[in-house]
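Engineer: target27.cif is reproduced below (mmCIF, C-alpha atoms).
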data_query
#
loop_
_atom_site.label_atom_id
_atom_site.label_comp_id
_atom_site.auth_asym_id
_atom_site.auth_seq_id
_atom_site.Cartn_x
_atom_site.Cartn_y
_atom_site.Cartn_z
CA MET A 91 -13.00 -17.90 -11.07
CA ILE A 92 -10.72 -15.29 -9.44
CA LYS A 93 -10.48 -15.82 -5.67
CA LEU A 94 -10.45 -12.36 -4.06
CA LEU A 95 -9.61 -11.40 -0.48
CA ILE A 96 -10.79 -7.96 0.70
CA ALA A 97 -8.91 -6.17 3.48
CA ASP A 98 -9.99 -2.86 4.97
CA ASN A 99 -10.39 -1.61 8.54
CA HIS A 100 -13.75 0.04 7.75
CA PRO A 101 -16.67 -2.45 7.81
CA ILE A 102 -18.78 -0.35 5.45
CA THR A 103 -16.01 -0.36 2.83
CA ARG A 104 -15.60 -4.13 3.07
CA LYS A 105 -19.35 -4.66 2.77
CA GLY A 106 -19.57 -2.32 -0.21
CA LEU A 107 -16.81 -4.19 -2.03
CA GLU A 108 -18.45 -7.53 -1.27
CA VAL A 109 -21.70 -6.26 -2.80
CA LEU A 110 -19.81 -4.92 -5.83
CA PHE A 111 -18.14 -8.23 -6.59
CA SER A 112 -21.23 -10.34 -5.85
CA ALA A 113 -22.48 -9.30 -9.30
CA SER A 114 -19.25 -10.30 -11.04
CA PRO A 115 -19.37 -13.55 -13.04
CA ASN A 116 -15.60 -14.16 -12.80
CA ILE A 117 -14.65 -12.87 -9.32
CA LYS A 118 -15.52 -14.58 -6.04
CA VAL A 119 -14.89 -12.93 -2.67
CA VAL A 120 -13.40 -15.72 -0.53
CA GLY A 121 -12.78 -13.60 2.57
CA SER A 122 -12.97 -10.19 4.21
CA VAL A 123 -10.53 -9.11 6.94
CA ASN A 124 -9.80 -5.90 8.86
CA ASP A 125 -6.01 -5.63 9.28
CA GLY A 126 -2.61 -6.69 7.98
CA GLU A 127 -2.09 -9.53 10.44
CA ALA A 128 -5.46 -11.00 9.45
CA ILE A 129 -4.38 -10.98 5.79
CA LEU A 130 -1.37 -13.16 6.57
CA ASP A 131 -3.43 -15.46 8.79
CA PHE A 132 -6.05 -15.88 6.05
CA VAL A 133 -3.65 -16.72 3.20
CA LYS A 134 -1.94 -19.36 5.35
CA LYS A 135 -5.20 -21.32 5.47
CA ASN A 136 -7.06 -20.42 2.27
CA PRO A 137 -6.34 -20.24 -1.47
CA VAL A 138 -6.30 -16.63 -2.72
CA ASP A 139 -5.49 -15.21 -6.17
CA ILE A 140 -5.83 -11.46 -5.55
CA ILE A 141 -5.81 -9.32 -2.40
CA LEU A 142 -7.55 -5.94 -2.58
CA THR A 143 -6.28 -4.08 0.46
CA GLU A 144 -6.08 -0.73 2.21
CA ALA A 145 -2.55 0.51 2.98
CA ASP A 146 -3.13 2.02 6.44
CA PHE A 147 -3.80 -0.51 9.18
CA PRO A 148 -3.42 -0.25 12.96
CA LYS A 149 -1.70 -3.65 12.82
CA LEU A 150 0.94 -4.32 10.15
CA ASN A 151 0.74 -1.57 7.51
CA GLY A 152 0.17 -2.32 3.84
CA LEU A 153 3.78 -1.93 2.65
CA THR A 154 4.98 -4.36 5.32
CA VAL A 155 2.30 -6.88 4.34
CA LEU A 156 3.42 -6.59 0.71
CA ARG A 157 6.96 -7.51 1.70
CA TYR A 158 5.80 -10.62 3.56
CA LEU A 159 3.54 -11.68 0.69
CA LYS A 160 6.26 -11.16 -1.90
CA ASN A 161 8.62 -13.43 0.04
CA ASP A 162 6.21 -16.12 1.27
CA TYR A 163 3.33 -16.08 -1.25
CA PRO A 164 4.77 -14.86 -4.57
CA ASP A 165 1.82 -16.25 -6.57
CA ILE A 166 -0.70 -14.03 -4.76
CA LYS A 167 -1.14 -10.63 -6.41
CA THR A 168 -2.01 -7.53 -4.41
CA ILE A 169 -3.83 -4.32 -5.32
CA ILE A 170 -3.69 -1.36 -2.93
CA LEU A 171 -7.04 0.45 -2.60
CA SER A 172 -6.35 3.63 -0.68
CA ALA A 173 -7.43 7.21 -0.09
CA GLN A 174 -3.77 8.25 -0.05
CA PRO A 175 -2.56 10.19 -3.14
CA GLU A 176 -1.44 7.81 -5.88
CA GLU A 177 1.55 9.95 -6.85
CA VAL A 178 2.84 9.73 -3.28
CA TYR A 179 2.49 6.02 -2.46
CA ALA A 180 1.85 4.09 -5.68
CA ILE A 181 5.48 3.86 -6.80
CA ASN A 182 6.68 2.55 -3.46
CA ALA A 183 3.76 0.13 -3.31
CA ILE A 184 4.73 -1.29 -6.71
CA LYS A 185 8.39 -1.49 -5.64
CA ALA A 186 7.28 -3.35 -2.50
CA GLY A 187 5.43 -5.94 -4.60
CA ALA A 188 1.95 -4.59 -5.36
CA ALA A 189 0.51 -5.24 -8.82
CA GLY A 190 -1.79 -2.24 -8.75
CA TYR A 191 -2.85 0.92 -6.95
CA ILE A 192 -6.39 2.34 -6.98
CA ASN A 193 -7.61 5.49 -5.27
CA LYS A 194 -10.86 5.04 -3.34
CA SER A 195 -12.42 7.80 -5.42
CA GLU A 196 -12.38 5.55 -8.52
CA ASN A 197 -15.63 4.10 -9.87
CA VAL A 198 -16.69 0.48 -9.41
CA ILE A 199 -16.04 -0.44 -13.05
CA THR A 200 -12.39 0.59 -12.72
CA ILE A 201 -11.95 -1.50 -9.55
CA ASN A 202 -13.45 -4.57 -11.24
CA GLU A 203 -11.31 -4.08 -14.36
CA ALA A 204 -8.18 -3.68 -12.22
CA VAL A 205 -8.75 -7.04 -10.51
CA VAL A 206 -9.16 -8.80 -13.86
CA LYS A 207 -6.13 -7.03 -15.38
CA VAL A 208 -3.86 -7.90 -12.45
CA ASN A 209 -5.07 -11.51 -12.46
CA ASP A 210 -4.08 -11.69 -16.13
CA GLY A 211 -0.55 -10.55 -15.26
CA GLY A 212 -0.87 -6.80 -15.78
CA ILE A 213 -0.07 -3.81 -13.57
CA HIS A 214 -2.84 -1.33 -12.78
CA LEU A 215 -2.11 2.37 -12.28
CA SER A 216 -4.19 5.38 -13.29
CA ASN A 217 -3.76 6.71 -16.82
CA ASP A 218 -2.25 9.93 -15.46
CA LEU A 219 0.46 8.20 -13.45
CA THR A 220 1.16 5.69 -16.26
CA GLN A 221 1.80 8.58 -18.66
CA GLN A 222 3.96 10.41 -16.13
CA LEU A 223 6.10 7.30 -15.69
CA ALA A 224 6.24 6.53 -19.42
CA PHE A 225 7.27 10.02 -20.49
CA GLY A 226 9.25 10.98 -17.41
CA THR A 227 7.10 14.03 -16.84
CA ARG A 228 7.07 15.66 -13.45
CA VAL A 229 4.48 14.70 -10.92
CA ASN A 230 3.84 17.01 -7.99
CA LYS A 231 6.51 18.05 -5.51
CA GLY A 232 5.43 15.52 -2.91
CA GLY A 233 5.43 12.75 -5.50
CA ASN A 234 9.00 13.56 -6.54
CA PHE A 235 10.14 13.38 -2.92
CA TYR A 236 8.51 10.00 -2.32
CA LYS A 237 9.94 8.54 -5.54
CA LYS A 238 13.44 9.16 -4.12
CA LEU A 239 12.78 7.05 -1.03
CA SER A 240 13.63 3.37 -0.81
CA THR A 241 10.74 1.04 0.01
CA ARG A 242 12.04 0.59 3.56
CA GLU A 243 12.42 4.37 4.05
CA ALA A 244 8.82 4.82 2.89
CA GLU A 245 7.71 2.14 5.36
CA VAL A 246 9.49 3.82 8.28
CA LEU A 247 8.18 7.27 7.33
CA LYS A 248 4.62 5.97 7.01
CA LEU A 249 4.80 4.42 10.48
CA LEU A 250 6.30 7.56 11.98
CA THR A 251 3.51 9.73 10.54
CA ILE A 252 0.87 7.58 12.25
CA GLY A 253 2.63 7.88 15.62
CA ARG A 254 4.60 4.63 15.90
CA LYS A 255 7.58 4.64 18.30
CA ASN A 256 11.03 3.26 17.40
CA LYS A 257 10.40 0.06 19.35
CA GLU A 258 7.05 -0.52 17.63
CA ILE A 259 8.57 0.12 14.20
CA SER A 260 11.46 -2.26 14.85
CA LYS A 261 9.03 -5.00 15.85
CA GLU A 262 6.68 -4.47 12.90
CA LEU A 263 9.47 -4.31 10.31
CA ASP A 264 11.61 -6.97 12.03
CA ILE A 265 14.67 -4.72 12.30
CA ASN A 266 16.53 -3.49 15.38
CA GLU A 267 15.92 -0.09 16.96
CA LYS A 268 19.35 1.20 15.93
CA THR A 269 18.44 0.56 12.29
CA VAL A 270 15.17 2.47 12.76
CA SER A 271 17.18 5.40 14.13
CA THR A 272 19.44 5.24 11.06
CA TYR A 273 16.43 5.43 8.74
CA LYS A 274 15.04 8.37 10.73
CA ALA A 275 18.35 10.20 10.35
CA ARG A 276 18.33 9.60 6.59
CA LEU A 277 14.76 10.84 6.31
CA MET A 278 15.57 13.98 8.30
CA ARG A 279 18.46 14.74 5.94
CA LYS A 280 16.27 14.23 2.87
CA LEU A 281 13.51 16.43 4.29
CA LYS A 282 16.02 18.94 5.68
CA VAL A 283 14.67 18.87 9.26
CA THR A 284 16.33 18.34 12.64
CA ASN A 285 13.62 16.75 14.80
CA LEU A 286 10.85 14.18 14.66
CA VAL A 287 7.97 16.68 14.90
CA ASP A 288 9.21 18.60 11.87
CA LEU A 289 9.88 15.35 10.02
CA VAL A 290 6.28 14.19 10.46
CA ASN A 291 4.87 17.63 9.60
CA GLN A 292 7.00 17.91 6.46
CA ALA A 293 6.00 14.40 5.37
CA LYS A 294 2.32 15.26 5.73
CA LEU A 295 2.84 18.51 3.78
CA SER A 296 4.59 16.57 1.01
CA GLN A 297 1.50 14.39 0.66
CA GLN A 298 -0.67 17.45 0.13
CA VAL A 299 1.39 19.43 -2.32
#
I need this file expressed as structure tokens, please.

Structural biologist:
Amino acid sequence: MIKLLIADNHPITRKGLEVLFSASPNIKVVGSVNDGEAILDFVKKNPVDIILTEADFPKLNGLTVLRYLKNDYPDIKTIILSAQPEEVYAINAIKAGAAGYINKSENVITINEAVVKVNDGGIHLSNDLTQQLAFGTRVNKGGNFYKKLSTREAEVLKLLTIGRKNKEISKELDINEKTVSTYKARLMRKLKVTNLVDLVNQAKLSQQV
């Protein structure tokens, strides 16, 4: 039986996923939490095989959680279930340690199949993105930009776009504020902007292209 932990900051999403997996003969939901810190607290005390989690949390974003899990709980596999565009965030999620990425628009059969596939040692991405990666074809403009970022740069940019300050980012990522400033400078160069407002606006535009 696959032990599954669900993490999402929307109660209706968590409840819907619990109902979905209640009908599965080989998947058991062992917990349901609402933020990144709660994920880490739960796995310290309970056995978990797979975590199905949102990427955007008010406390400890998904990419940061992946880094902690990869270091401290390498046997636990994580699937990101997000409304964010796959071509923008999936690659960095996989680089950070995720074993799969599912858009919230996918059907319930796909979500169930992804959990089983990842538990068996596979990686789950959509057919479109798998083909793009396999054949080196071009994804959209925003996707190309995000593929050039390191995992840590993607983490910093994600936190900046949701309004985090340097001090908050340094605490969440366990780096000093000077390092955060260095990452911001790199991101501004890559996005060809000169201030934080334009950086955030350009990042959001890149997600939409």

Engineer: Find the residues near range 242-249 of chain A: any atom within 7 Å, counting only C-alpha atoms, skip ones fewer than 2 places away on the same chain, and give them as a PyMOL selection string.

Structural biologist: chain A and resi 153+239-240+251-254+259+273

Engineer: Between A:Ser271, A:Asn151, A:Thr200, A:Thr168, which one has atoms that come closest to Leu286 in chain A, using all atoms listed in the file?

Structural biologist: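 Among the listed residues, A:Ser271 lies closest to Leu286 in chain A.
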
Engineer: What separation in Å, quoted to one decimal, exists between CA of Lys149 in chain A and CA of Asp264 in chain A?

Structural biologist: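 These two atoms are separated by 13.7 Å.
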
Engineer: Determine, counting only C-alpha atoms, every residue of protein, DNA or RNA that lies within 12 Å of (-21.2, -4.2, -3.7) in the file coordinates, then give the result as a list in words.

Structural biologist: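 Protein and nucleic acid residues near the point are Ile96, Ile102, Thr103, Arg104, Lys105, Gly106, Leu107, Glu108, Val109, Leu110, Phe111, Ser112, Ala113, Ser114, Val119, Asn197, Val198, Ile199, Ile201 and Asn202 of chain A.
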
Engineer: Restricting it to C-alpha atoms, dump the selection as a PDB file, in the coordinates of the input.

Structural biologist:
ATOM      1  CA  ILE A  96     -10.790  -7.960   0.700  1.00  0.00           C
ATOM      2  CA  ILE A 102     -18.780  -0.350   5.450  1.00  0.00           C
ATOM      3  CA  THR A 103     -16.010  -0.360   2.830  1.00  0.00           C
ATOM      4  CA  ARG A 104     -15.600  -4.130   3.070  1.00  0.00           C
ATOM      5  CA  LYS A 105     -19.350  -4.660   2.770  1.00  0.00           C
ATOM      6  CA  GLY A 106     -19.570  -2.320  -0.210  1.00  0.00           C
ATOM      7  CA  LEU A 107     -16.810  -4.190  -2.030  1.00  0.00           C
ATOM      8  CA  GLU A 108     -18.450  -7.530  -1.270  1.00  0.00           C
ATOM      9  CA  VAL A 109     -21.700  -6.260  -2.800  1.00  0.00           C
ATOM     10  CA  LEU A 110     -19.810  -4.920  -5.830  1.00  0.00           C
ATOM     11  CA  PHE A 111     -18.140  -8.230  -6.590  1.00  0.00           C
ATOM     12  CA  SER A 112     -21.230 -10.340  -5.850  1.00  0.00           C
ATOM     13  CA  ALA A 113     -22.480  -9.300  -9.300  1.00  0.00           C
ATOM     14  CA  SER A 114     -19.250 -10.300 -11.040  1.00  0.00           C
ATOM     15  CA  VAL A 119     -14.890 -12.930  -2.670  1.00  0.00           C
ATOM     16  CA  ASN A 197     -15.630   4.100  -9.870  1.00  0.00           C
ATOM     17  CA  VAL A 198     -16.690   0.480  -9.410  1.00  0.00           C
ATOM     18  CA  ILE A 199     -16.040  -0.440 -13.050  1.00  0.00           C
ATOM     19  CA  ILE A 201     -11.950  -1.500  -9.550  1.00  0.00           C
ATOM     20  CA  ASN A 202     -13.450  -4.570 -11.240  1.00  0.00           C
TER      21      ASN A 202
END

Engineer: Might you spell out which residues the PyMOL selection byres ((chain A and resi 160) around 12) would select in the displayed file, as a PyMOL selection string?

Structural biologist: chain A and resi 130+153-159+161-168+183-189

Engineer: Pull out every residue that the PyMOL selection byres ((chain A and resi 132) around 12) matches in the shown coordinates and put them as a list in words.

Structural biologist: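 Applied to this file, the PyMOL selection byres ((chain A and resi 132) around 12) selects Leu94, Leu95, Ile96, Ala97, Val120, Gly121, Ser122, Val123, Asn124, Asp125, Gly126, Glu127, Ala128, Ile129, Leu130, Asp131, Val133, Lys134, Lys135, Asn136, Pro137, Val138, Ile141, Leu159 and Tyr163 of chain A.
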
Engineer: If we count all atoms listed in the file, what is near Gly152 in chain A at a cut-off of 8 Å, once residues fewer than 5 positions away on the same chain are taken out, given as a list of chain:residue names?

Structural biologist: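 The filter keeps A:Gly126, A:Thr143, A:Glu144, A:Ala145, A:Asp146, A:Phe147, A:Ile170.
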
Engineer: Quick one: residues within 9 Å of Asn116 in chain A, only C-alpha atoms, excluding same-chain residues fewer than 3 positions away - as a PyMOL selection string?

Structural biologist: chain A and resi 91-93+111+206

Engineer: Grab the CA of Asp139 in chain A to CA of Asn99 in chain A distance for me, in Å with one decimal place.

Structural biologist: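 For CA of Asp139 in chain A relative to CA of Asn99 in chain A, the distance reads 20.6 Å.
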
Engineer: Distance CA of Asn256 in chain A-CA of Lys268 in chain A, one decimal place?

Structural biologist: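 So the two atoms, CA of Asn256 in chain A and CA of Lys268 in chain A, lie 8.7 Å apart.
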